[in-house]
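Colleague: Next comes the structure file work.cif, holding mmCIF, C-alpha atoms, pLDDT in the B column; chains and numbers go by the auth columns.
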```
data_work
#
loop_
_atom_site.group_PDB
_atom_site.id
_atom_site.type_symbol
_atom_site.label_atom_id
_atom_site.label_comp_id
_atom_site.label_asym_id
_atom_site.label_seq_id
_atom_site.Cartn_x
_atom_site.Cartn_y
_atom_site.Cartn_z
_atom_site.B_iso_or_equiv
_atom_site.auth_seq_id
_atom_site.auth_asym_id
ATOM 1 C CA MET A 1 86.225 84.045 105.855 53.00 1 L
ATOM 2 C CA PRO A 2 88.120 86.652 103.749 60.00 2 L
ATOM 3 C CA MET A 3 86.354 89.638 102.259 54.00 3 L
ATOM 4 C CA THR A 4 85.216 89.300 98.645 66.00 4 L
ATOM 5 C CA ALA A 5 84.641 93.013 97.921 79.00 5 L
ATOM 6 C CA GLY A 6 87.057 94.491 95.388 81.00 6 L
ATOM 7 C CA LEU A 7 89.319 97.372 96.302 80.00 7 L
ATOM 8 C CA GLN A 8 88.476 100.418 94.175 82.00 8 L
ATOM 9 C CA SER A 9 91.293 102.760 95.130 84.00 9 L
ATOM 10 C CA MET A 10 93.845 103.642 97.789 86.00 10 L
ATOM 11 C CA VAL A 11 94.876 107.059 99.113 91.00 11 L
ATOM 12 C CA ALA A 12 98.368 107.636 100.522 92.00 12 L
ATOM 13 C CA SER A 13 98.145 109.937 103.548 94.00 13 L
ATOM 14 C CA THR A 14 100.619 111.659 105.841 94.00 14 L
ATOM 15 C CA TYR A 15 100.719 114.364 108.505 94.00 15 L
ATOM 16 C CA VAL A 16 102.924 117.354 107.704 95.00 16 L
ATOM 17 C CA ARG A 17 104.078 120.396 109.658 94.00 17 L
ATOM 18 C CA ASP A 18 103.394 122.995 106.975 94.00 18 L
ATOM 19 C CA LEU A 19 100.584 122.250 104.532 94.00 19 L
ATOM 20 C CA ASP A 20 101.585 124.844 101.918 95.00 20 L
ATOM 21 C CA VAL A 21 105.266 123.863 101.875 96.00 21 L
ATOM 22 C CA SER A 22 104.427 120.159 101.551 96.00 22 L
ATOM 23 C CA ARG A 23 101.869 120.833 98.808 97.00 23 L
ATOM 24 C CA GLU A 24 104.537 122.682 96.799 96.00 24 L
ATOM 25 C CA PHE A 25 106.882 119.702 97.196 97.00 25 L
ATOM 26 C CA TYR A 26 104.354 117.212 95.816 97.00 26 L
ATOM 27 C CA GLU A 27 103.494 119.620 93.008 96.00 27 L
ATOM 28 C CA LEU A 28 107.138 119.238 91.906 95.00 28 L
ATOM 29 C CA LEU A 29 106.352 115.532 91.442 96.00 29 L
ATOM 30 C CA GLY A 30 103.414 116.448 89.215 95.00 30 L
ATOM 31 C CA PHE A 31 100.556 116.308 91.727 96.00 31 L
ATOM 32 C CA ARG A 32 97.885 119.004 91.588 96.00 32 L
ATOM 33 C CA GLU A 33 95.419 120.152 94.221 95.00 33 L
ATOM 34 C CA HIS A 34 92.040 118.458 93.999 95.00 34 L
ATOM 35 C CA SER A 35 90.444 119.947 97.105 95.00 35 L
ATOM 36 C CA THR A 36 91.479 121.455 100.418 95.00 36 L
ATOM 37 C CA GLY A 37 90.053 122.474 103.771 95.00 37 L
ATOM 38 C CA ARG A 38 91.215 124.594 106.694 93.00 38 L
ATOM 39 C CA SER A 39 90.066 125.266 110.245 93.00 39 L
ATOM 40 C CA PRO A 40 91.703 126.959 113.251 91.00 40 L
ATOM 41 C CA ALA A 41 92.864 123.560 114.571 92.00 41 L
ATOM 42 C CA SER A 42 93.641 121.560 111.424 93.00 42 L
ATOM 43 C CA GLY A 43 93.894 121.494 107.663 95.00 43 L
ATOM 44 C CA TRP A 44 94.097 119.064 104.771 95.00 44 L
ATOM 45 C CA CYS A 45 94.974 119.057 101.085 97.00 45 L
ATOM 46 C CA TYR A 46 93.932 116.371 98.598 96.00 46 L
ATOM 47 C CA LEU A 47 96.298 116.040 95.632 96.00 47 L
ATOM 48 C CA HIS A 48 95.947 113.962 92.467 96.00 48 L
ATOM 49 C CA LEU A 49 98.047 112.783 89.524 95.00 49 L
ATOM 50 C CA ASP A 50 96.789 110.417 86.812 93.00 50 L
ATOM 51 C CA GLY A 51 94.273 108.738 89.105 91.00 51 L
ATOM 52 C CA HIS A 52 96.623 108.538 92.088 93.00 52 L
ATOM 53 C CA TYR A 53 95.993 110.526 95.266 95.00 53 L
ATOM 54 C CA VAL A 54 97.950 111.879 98.220 96.00 54 L
ATOM 55 C CA LEU A 55 96.274 113.375 101.276 96.00 55 L
ATOM 56 C CA LEU A 56 98.269 115.837 103.371 96.00 56 L
ATOM 57 C CA ALA A 57 96.990 116.705 106.847 95.00 57 L
ATOM 58 C CA THR A 58 98.197 119.090 109.511 94.00 58 L
ATOM 59 C CA THR A 59 97.208 120.219 112.989 93.00 59 L
ATOM 60 C CA ARG A 60 97.687 123.410 115.002 89.00 60 L
ATOM 61 C CA PRO A 61 99.825 123.277 117.023 89.00 61 L
ATOM 62 C CA PRO A 62 101.782 120.867 114.786 85.00 62 L
ATOM 63 C CA LEU A 63 102.273 117.265 115.882 84.00 63 L
ATOM 64 C CA ASP A 64 105.753 116.187 116.956 85.00 64 L
ATOM 65 C CA LEU A 65 106.307 114.121 113.814 84.00 65 L
ATOM 66 C CA PRO A 66 109.150 111.564 113.701 82.00 66 L
ATOM 67 C CA GLN A 67 111.169 111.325 110.509 82.00 67 L
ATOM 68 C CA LEU A 68 110.478 108.132 108.560 84.00 68 L
ATOM 69 C CA PRO A 69 113.151 106.068 106.763 86.00 69 L
ATOM 70 C CA LEU A 70 110.707 105.661 103.863 87.00 70 L
ATOM 71 C CA LEU A 71 107.496 107.645 103.439 90.00 71 L
ATOM 72 C CA PHE A 72 106.332 106.977 99.853 92.00 72 L
ATOM 73 C CA TYR A 73 107.626 105.132 96.800 93.00 73 L
ATOM 74 C CA PHE A 74 106.434 106.578 93.479 95.00 74 L
ATOM 75 C CA PHE A 75 107.023 104.988 90.061 94.00 75 L
ATOM 76 C CA PHE A 76 107.307 107.326 87.054 95.00 76 L
ATOM 77 C CA ASP A 77 107.814 106.654 83.348 93.00 77 L
ATOM 78 C CA ASP A 78 110.692 109.176 83.268 93.00 78 L
ATOM 79 C CA VAL A 79 112.321 109.421 86.690 94.00 79 L
ATOM 80 C CA GLU A 80 115.212 111.535 85.398 92.00 80 L
ATOM 81 C CA ALA A 81 112.787 114.264 84.270 94.00 81 L
ATOM 82 C CA VAL A 82 111.242 114.327 87.740 95.00 82 L
ATOM 83 C CA ALA A 83 114.700 114.503 89.330 95.00 83 L
ATOM 84 C CA ALA A 84 115.597 117.433 87.051 94.00 84 L
ATOM 85 C CA ALA A 85 112.457 119.305 88.126 94.00 85 L
ATOM 86 C CA LEU A 86 113.313 118.721 91.785 95.00 86 L
ATOM 87 C CA GLN A 87 116.889 119.933 91.338 94.00 87 L
ATOM 88 C CA THR A 88 115.748 123.033 89.417 95.00 88 L
ATOM 89 C CA ALA A 89 113.560 123.872 92.413 95.00 89 L
ATOM 90 C CA GLY A 90 116.545 123.530 94.760 95.00 90 L
ATOM 91 C CA ARG A 91 115.781 120.019 96.051 95.00 91 L
ATOM 92 C CA THR A 92 118.602 117.501 96.344 94.00 92 L
ATOM 93 C CA ALA A 93 117.787 114.366 94.346 94.00 93 L
ATOM 94 C CA VAL A 94 120.259 111.499 94.845 92.00 94 L
ATOM 95 C CA HIS A 95 120.521 108.802 92.169 91.00 95 L
ATOM 96 C CA LEU A 96 120.725 105.406 93.895 89.00 96 L
ATOM 97 C CA GLY A 97 121.348 103.244 90.841 87.00 97 L
ATOM 98 C CA TYR A 98 119.314 100.682 88.911 88.00 98 L
ATOM 99 C CA PRO A 99 117.912 98.015 91.255 86.00 99 L
ATOM 100 C CA PRO A 100 115.935 95.095 89.795 84.00 100 L
ATOM 101 C CA HIS A 101 112.575 96.696 90.642 87.00 101 L
ATOM 102 C CA ALA A 102 113.577 100.022 89.011 89.00 102 L
ATOM 103 C CA ALA A 103 115.600 99.151 85.914 90.00 103 L
ATOM 104 C CA GLY A 104 115.181 102.716 84.635 92.00 104 L
ATOM 105 C CA GLY A 105 116.689 104.219 87.770 91.00 105 L
ATOM 106 C CA GLU A 106 115.902 105.028 91.386 93.00 106 L
ATOM 107 C CA ILE A 107 116.064 108.485 93.006 94.00 107 L
ATOM 108 C CA LYS A 108 116.036 109.467 96.682 94.00 108 L
ATOM 109 C CA VAL A 109 114.719 112.853 97.842 95.00 109 L
ATOM 110 C CA LEU A 110 113.730 114.190 101.261 95.00 110 L
ATOM 111 C CA ASP A 111 110.319 115.758 101.758 96.00 111 L
ATOM 112 C CA PRO A 112 109.957 119.049 103.711 95.00 112 L
ATOM 113 C CA ASP A 113 109.636 117.094 106.991 94.00 113 L
ATOM 114 C CA GLY A 114 112.891 115.201 106.369 92.00 114 L
ATOM 115 C CA ASN A 115 111.296 111.890 105.368 93.00 115 L
ATOM 116 C CA THR A 116 112.716 109.755 102.582 92.00 116 L
ATOM 117 C CA VAL A 117 110.694 109.605 99.359 94.00 117 L
ATOM 118 C CA LEU A 118 111.870 107.202 96.654 93.00 118 L
ATOM 119 C CA LEU A 119 111.163 107.653 92.949 95.00 119 L
ATOM 120 C CA GLY A 120 111.596 104.727 90.582 93.00 120 L
ATOM 121 C CA GLN A 121 111.246 103.856 86.889 94.00 121 L
ATOM 122 C CA ARG A 122 110.258 100.237 86.365 91.00 122 L
ATOM 123 C CA GLU A 123 111.639 99.817 82.834 90.00 123 L
ATOM 124 C CA ARG A 124 114.687 101.337 81.193 88.00 124 L
ATOM 125 C CA SER A 125 113.903 103.579 78.228 84.00 125 L
ATOM 126 C CA PRO A 126 115.603 102.733 74.906 82.00 126 L
ATOM 127 C CA LEU A 127 116.994 106.288 74.965 78.00 127 L
ATOM 128 C CA GLN A 128 118.782 105.712 78.265 74.00 128 L
ATOM 129 C CA ALA A 129 122.449 104.765 78.214 70.00 129 L
ATOM 130 C CA PRO A 130 123.265 101.304 79.620 68.00 130 L
ATOM 131 C CA PRO A 131 123.590 101.592 83.409 67.00 131 L
ATOM 132 C CA ALA A 132 127.026 101.547 84.943 65.00 132 L
ATOM 133 C CA GLU A 133 127.870 98.656 87.267 61.00 133 L
ATOM 134 C CA GLN A 134 126.463 99.205 90.740 56.00 134 L
ATOM 135 C CA THR A 135 129.368 100.009 93.072 54.00 135 L
ATOM 136 C CA GLY A 136 127.523 101.045 96.220 56.00 136 L
ATOM 137 C CA PRO A 137 124.810 99.364 98.304 57.00 137 L
ATOM 138 C CA TRP A 138 121.141 99.563 97.336 58.00 138 L
ATOM 139 C CA PHE A 139 118.803 101.639 99.459 60.00 139 L
ATOM 140 C CA SER A 140 118.067 99.713 102.661 62.00 140 L
ATOM 141 C CA LEU A 141 115.014 100.566 104.726 61.00 141 L
ATOM 142 C CA ARG A 142 116.495 98.614 107.651 61.00 142 L
ATOM 143 C CA GLU A 143 119.746 100.573 107.533 67.00 143 L
ATOM 144 C CA GLU A 144 117.950 103.910 107.160 66.00 144 L
ATOM 145 C CA ALA A 145 115.806 103.108 110.212 66.00 145 L
ATOM 146 C CA ALA A 146 118.874 102.003 112.183 65.00 146 L
ATOM 147 C CA ALA A 147 120.702 105.245 111.316 68.00 147 L
ATOM 148 C CA MET A 148 117.777 107.341 112.542 66.00 148 L
ATOM 149 C CA ILE A 149 117.567 105.367 115.789 65.00 149 L
ATOM 150 C CA GLN A 150 121.333 105.721 116.295 70.00 150 L
ATOM 151 C CA ALA A 151 121.027 109.486 115.788 68.00 151 L
ATOM 152 C CA ARG A 152 118.586 109.524 118.718 69.00 152 L
ATOM 153 C CA GLY A 153 121.052 107.702 120.989 68.00 153 L
ATOM 154 C CA GLY A 154 120.171 104.112 120.114 70.00 154 L
ATOM 155 C CA PRO A 155 119.209 101.280 122.498 71.00 155 L
ATOM 156 C CA ALA A 156 121.623 100.390 125.302 65.00 156 L
ATOM 157 C CA HIS A 157 121.128 96.625 125.025 70.00 157 L
ATOM 158 C CA SER A 158 122.030 93.949 122.489 79.00 158 L
ATOM 159 C CA CYS A 159 119.803 92.075 120.048 83.00 159 L
ATOM 160 C CA GLN A 160 116.845 90.395 121.796 80.00 160 L
ATOM 161 C CA VAL A 161 116.018 87.797 119.153 79.00 161 L
ATOM 162 C CA ASN A 162 117.879 84.683 120.312 71.00 162 L
ATOM 163 C CA GLY A 163 116.453 84.320 123.807 58.00 163 L
ATOM 164 C CA THR A 164 118.517 84.958 126.960 55.00 164 L
ATOM 165 C CA GLY A 165 121.789 83.788 128.489 56.00 165 L
ATOM 166 C CA PRO A 166 124.589 82.335 126.344 59.00 166 L
ATOM 167 C CA ALA A 167 122.166 81.777 123.425 61.00 167 L
ATOM 168 C CA GLN A 168 121.293 85.453 123.134 69.00 168 L
ATOM 169 C CA CYS A 169 122.658 87.274 120.105 81.00 169 L
ATOM 170 C CA GLN A 170 125.490 89.553 121.236 76.00 170 L
ATOM 171 C CA ALA A 171 125.239 91.940 118.276 81.00 171 L
ATOM 172 C CA LYS A 172 124.126 95.505 118.897 77.00 172 L
ATOM 173 C CA ALA A 173 120.376 96.117 118.708 78.00 173 L
ATOM 174 C CA GLU A 174 119.738 98.514 115.824 79.00 174 L
ATOM 175 C CA VAL A 175 116.043 98.477 114.877 77.00 175 L
ATOM 176 C CA LYS A 176 112.779 97.784 116.660 81.00 176 L
ATOM 177 C CA LEU A 177 110.381 95.278 115.093 78.00 177 L
ATOM 178 C CA ALA A 178 106.738 94.625 115.873 80.00 178 L
ATOM 179 C CA ASP A 179 103.842 92.629 114.481 76.00 179 L
ATOM 180 C CA THR A 180 100.091 93.045 114.282 71.00 180 L
ATOM 181 C CA SER A 181 99.578 91.149 117.564 72.00 181 L
ATOM 182 C CA GLY A 182 101.413 93.901 119.449 72.00 182 L
ATOM 183 C CA ILE A 183 104.641 92.010 120.191 78.00 183 L
ATOM 184 C CA SER A 184 107.826 94.033 119.735 81.00 184 L
ATOM 185 C CA VAL A 185 111.542 93.244 119.935 81.00 185 L
ATOM 186 C CA TRP A 186 114.847 95.008 119.335 81.00 186 L
ATOM 187 C CA ALA A 187 117.036 93.283 116.757 80.00 187 L
ATOM 188 C CA CYS A 188 120.364 93.564 114.975 80.00 188 L
ATOM 189 C CA LEU A 189 120.136 94.141 111.210 75.00 189 L
ATOM 190 C CA ALA A 190 120.787 90.484 110.372 77.00 190 L
ATOM 191 C CA HIS A 191 118.012 89.189 112.628 81.00 191 L
ATOM 192 C CA ALA A 192 115.742 92.056 111.553 76.00 192 L
ATOM 193 C CA GLU A 193 116.053 90.932 107.929 72.00 193 L
ATOM 194 C CA GLU A 194 115.374 87.310 108.904 76.00 194 L
ATOM 195 C CA ALA A 195 112.282 88.279 110.899 76.00 195 L
ATOM 196 C CA LEU A 196 110.878 90.612 108.236 70.00 196 L
ATOM 197 C CA LEU A 197 111.192 87.864 105.621 62.00 197 L
ATOM 198 C CA SER A 198 109.897 85.042 107.827 68.00 198 L
ATOM 199 C CA VAL A 199 107.193 86.510 110.092 74.00 199 L
ATOM 200 C CA HIS A 200 103.855 87.396 108.548 68.00 200 L
ATOM 201 C CA GLY A 201 102.824 90.918 109.533 68.00 201 L
ATOM 202 C CA ALA A 202 106.220 91.934 110.956 73.00 202 L
ATOM 203 C CA PHE A 203 107.282 95.531 110.365 72.00 203 L
ATOM 204 C CA ILE A 204 109.838 98.126 111.477 76.00 204 L
ATOM 205 C CA ALA A 205 108.344 99.941 114.469 75.00 205 L
ATOM 206 C CA SER A 206 108.840 103.288 116.137 70.00 206 L
ATOM 207 C CA PRO A 207 111.655 103.220 118.735 70.00 207 L
ATOM 208 C CA ASP A 208 109.316 105.024 121.161 64.00 208 L
ATOM 209 C CA ASP A 209 108.442 102.479 123.866 55.00 209 L
ATOM 210 C CA GLU A 210 104.892 103.802 124.084 52.00 210 L
ATOM 211 C CA GLY A 211 104.350 103.516 120.343 51.00 211 L
ATOM 212 C CA LEU A 212 100.823 104.199 119.130 48.00 212 L
ATOM 213 C CA ALA A 213 99.395 104.083 122.668 49.00 213 L
ATOM 214 C CA GLY A 214 101.270 107.239 123.667 49.00 214 L
ATOM 215 C CA PHE A 215 100.203 108.997 120.463 47.00 215 L
ATOM 216 C CA LEU A 216 96.544 108.156 121.056 48.00 216 L
ATOM 217 C CA ARG A 217 96.730 109.136 124.725 50.00 217 L
ATOM 218 C CA SER A 218 98.083 112.581 123.844 50.00 218 L
ATOM 219 C CA HIS A 219 95.012 113.180 121.677 49.00 219 L
ATOM 220 C CA ARG A 220 92.580 112.176 124.403 48.00 220 L
ATOM 221 C CA GLU A 221 93.943 114.320 127.191 48.00 221 L
#
```
Take the structure in this file and express it as structure tokens.
Modeller:
Amino acid sequence: MPMTAGLQSMVASTYVRDLDVSREFYELLGFREHSTGRSPASGWCYLHLDGHYVLLATTRPPLDLPQLPLLFYFFFDDVEAVAAALQTAGRTAVHLGYPPHAAGGEIKVLDPDGNTVLLGQRERSPLQAPPAEQTGPWFSLREEAAAMIQARGGPAHSCQVNGTGPAQCQAKAEVKLADTSGISVWACLAHAEEALLSVHGAFIASPDDEGLAGFLRSHRE
């Protein structure tokens, strides 16, 4: 039977290569250090902002961290002010437009490890000018993941969704999908979208064939 206990809070956590550099990045978003700890082999920094928390962790030597097509999505009440603070500090903040879930605007910025962080404003402020008509595509997590995989050489085979033989999809495989049962498959973007919308627990997976098993093994040797 499902749990009945109520969730009290959630902490977003990520490994970083340089704890101080990453802390300074999240401070630009308004986070402030709550507590921190260091040892010869590892370190962590706990940051907070208006009851929300981010935990940064690092190891020595640093982990070989893959770049992620989307690391965090933060909603602010004034996303343009946050973007201005980022740009003043020398960070490139790209305005993506006004998607339905962020009527006040959506901003893309890269964290110090090269991961995508999105900043959104749920409602448009009365002081904001009416948004111009969207001319470019919205941010696509599937397309960002496919671009990163392609930059690493990409898979040599076609989409694996539609079985084998003549029925198999002939489109190029672009992203790797997996589910909580451990099954994984390479798919074209069209079939990836269909699977992500239709299959409970499906997610975009690491292109590394060993996945989490290889990561865990490296920490046990």
Colleague: Can you pull out the residues contacting Leu196 in chain L? Cut-off 10 Å, using only C-alpha atoms, and skip same-chain residues under 6 positions away; I want them as a list in words.
Modeller: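 The residues that qualify are Arg142, Leu177, Ala178, Asp179, Ala202, Phe203 and Ile204 of chain L.
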Colleague: Restricting the calculation to all atoms listed in the file: of L:Leu47, L:Leu29, L:Ala41, L:Cys169, which residue gets closest to Ala93 in chain L?
Modeller: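 Checking each candidate against Ala93 in chain L, we get L:Leu29 as the closest.
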Colleague: What gap, in Å, lies between CA of Arg122 in chain L and CA of Gly104 in chain L?
Modeller: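 If I compute the distance from CA of Arg122 in chain L to CA of Gly104 in chain L, I get 5.8 Å.
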Colleague: In Å, how far is it from CA of Val16 in chain L to CA of Ala57 in chain L?
Modeller: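 Taking CA of Val16 in chain L as the start and CA of Ala57 in chain L as the end point, the length is 6.0 Å.
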Colleague: Check what the PyMOL selection byres ((chain L and resi 113) around 10) selects in the file above and give those residues as a PyMOL selection string.
Modeller: chain L and resi 15-18+21-22+65-68+110-112+114-116
Colleague: Can you translate the PyMOL selection byres ((chain L and resi 74) around 12) into the concrete residues it hits in this file, as a VMD selection string?
Modeller: chain L and resid 12 26 29 to 31 49 52 to 54 70 to 73 75 to 79 82 101 to 102 105 to 109 116 to 122
Colleague: For the atom pair CA of Leu7 in chain L and CA of Leu56 in chain L, what is the interatomic distance in Å to one decimal place?
Modeller: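 Spanning CA of Leu7 in chain L to CA of Leu56 in chain L is a straight-line distance of 21.7 Å.
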Colleague: Name the residues in contact with Val161 in chain L at a cut-off of 12 Å, using only C-alpha atoms, excluding same-chain residues fewer than 5 positions from it; report them as a PyMOL selection string.
Modeller: chain L and resi 167-178+184-195
Colleague: Using only C-alpha atoms, please write the residues we just selected to a file, as a PDB file, in the coordinates of the input.
Modeller:
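Printed below is again_38.pdb as written:
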```
ATOM      1  CA  ALA L 167     122.166  81.777 123.425  1.00 61.00           C
ATOM      2  CA  GLN L 168     121.293  85.453 123.134  1.00 69.00           C
ATOM      3  CA  CYS L 169     122.658  87.274 120.105  1.00 81.00           C
ATOM      4  CA  GLN L 170     125.490  89.553 121.236  1.00 76.00           C
ATOM      5  CA  ALA L 171     125.239  91.940 118.276  1.00 81.00           C
ATOM      6  CA  LYS L 172     124.126  95.505 118.897  1.00 77.00           C
ATOM      7  CA  ALA L 173     120.376  96.117 118.708  1.00 78.00           C
ATOM      8  CA  GLU L 174     119.738  98.514 115.824  1.00 79.00           C
ATOM      9  CA  VAL L 175     116.043  98.477 114.877  1.00 77.00           C
ATOM     10  CA  LYS L 176     112.779  97.784 116.660  1.00 81.00           C
ATOM     11  CA  LEU L 177     110.381  95.278 115.093  1.00 78.00           C
ATOM     12  CA  ALA L 178     106.738  94.625 115.873  1.00 80.00           C
ATOM     13  CA  SER L 184     107.826  94.033 119.735  1.00 81.00           C
ATOM     14  CA  VAL L 185     111.542  93.244 119.935  1.00 81.00           C
ATOM     15  CA  TRP L 186     114.847  95.008 119.335  1.00 81.00           C
ATOM     16  CA  ALA L 187     117.036  93.283 116.757  1.00 80.00           C
ATOM     17  CA  CYS L 188     120.364  93.564 114.975  1.00 80.00           C
ATOM     18  CA  LEU L 189     120.136  94.141 111.210  1.00 75.00           C
ATOM     19  CA  ALA L 190     120.787  90.484 110.372  1.00 77.00           C
ATOM     20  CA  HIS L 191     118.012  89.189 112.628  1.00 81.00           C
ATOM     21  CA  ALA L 192     115.742  92.056 111.553  1.00 76.00           C
ATOM     22  CA  GLU L 193     116.053  90.932 107.929  1.00 72.00           C
ATOM     23  CA  GLU L 194     115.374  87.310 108.904  1.00 76.00           C
ATOM     24  CA  ALA L 195     112.282  88.279 110.899  1.00 76.00           C
TER      25      ALA L 195
END
```
Colleague: Using all atoms listed in the file for the distances, tell me which of L:Arg32, L:Pro69, L:Arg23, L:Ser39 is nearest to Gly51 in chain L.
Modeller: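 Distance minimum relative to Gly51 in chain L lands on L:Arg32.
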Colleague: If we count only C-alpha atoms, what is near Thr59 in chain L at a cut-off of 6 Å, once residues fewer than 2 positions away on the same chain are taken out, given as a PDB file with C-alpha atoms, keeping the file's coordinate frame?
Modeller:
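Final output, saved to part-v7.pdb:
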```pdb
ATOM      1  CA  ALA L  41      92.864 123.560 114.571  1.00 92.00           C
ATOM      2  CA  SER L  42      93.641 121.560 111.424  1.00 93.00           C
ATOM      3  CA  PRO L  61      99.825 123.277 117.023  1.00 89.00           C
ATOM      4  CA  PRO L  62     101.782 120.867 114.786  1.00 85.00           C
TER       5      PRO L  62
END
```
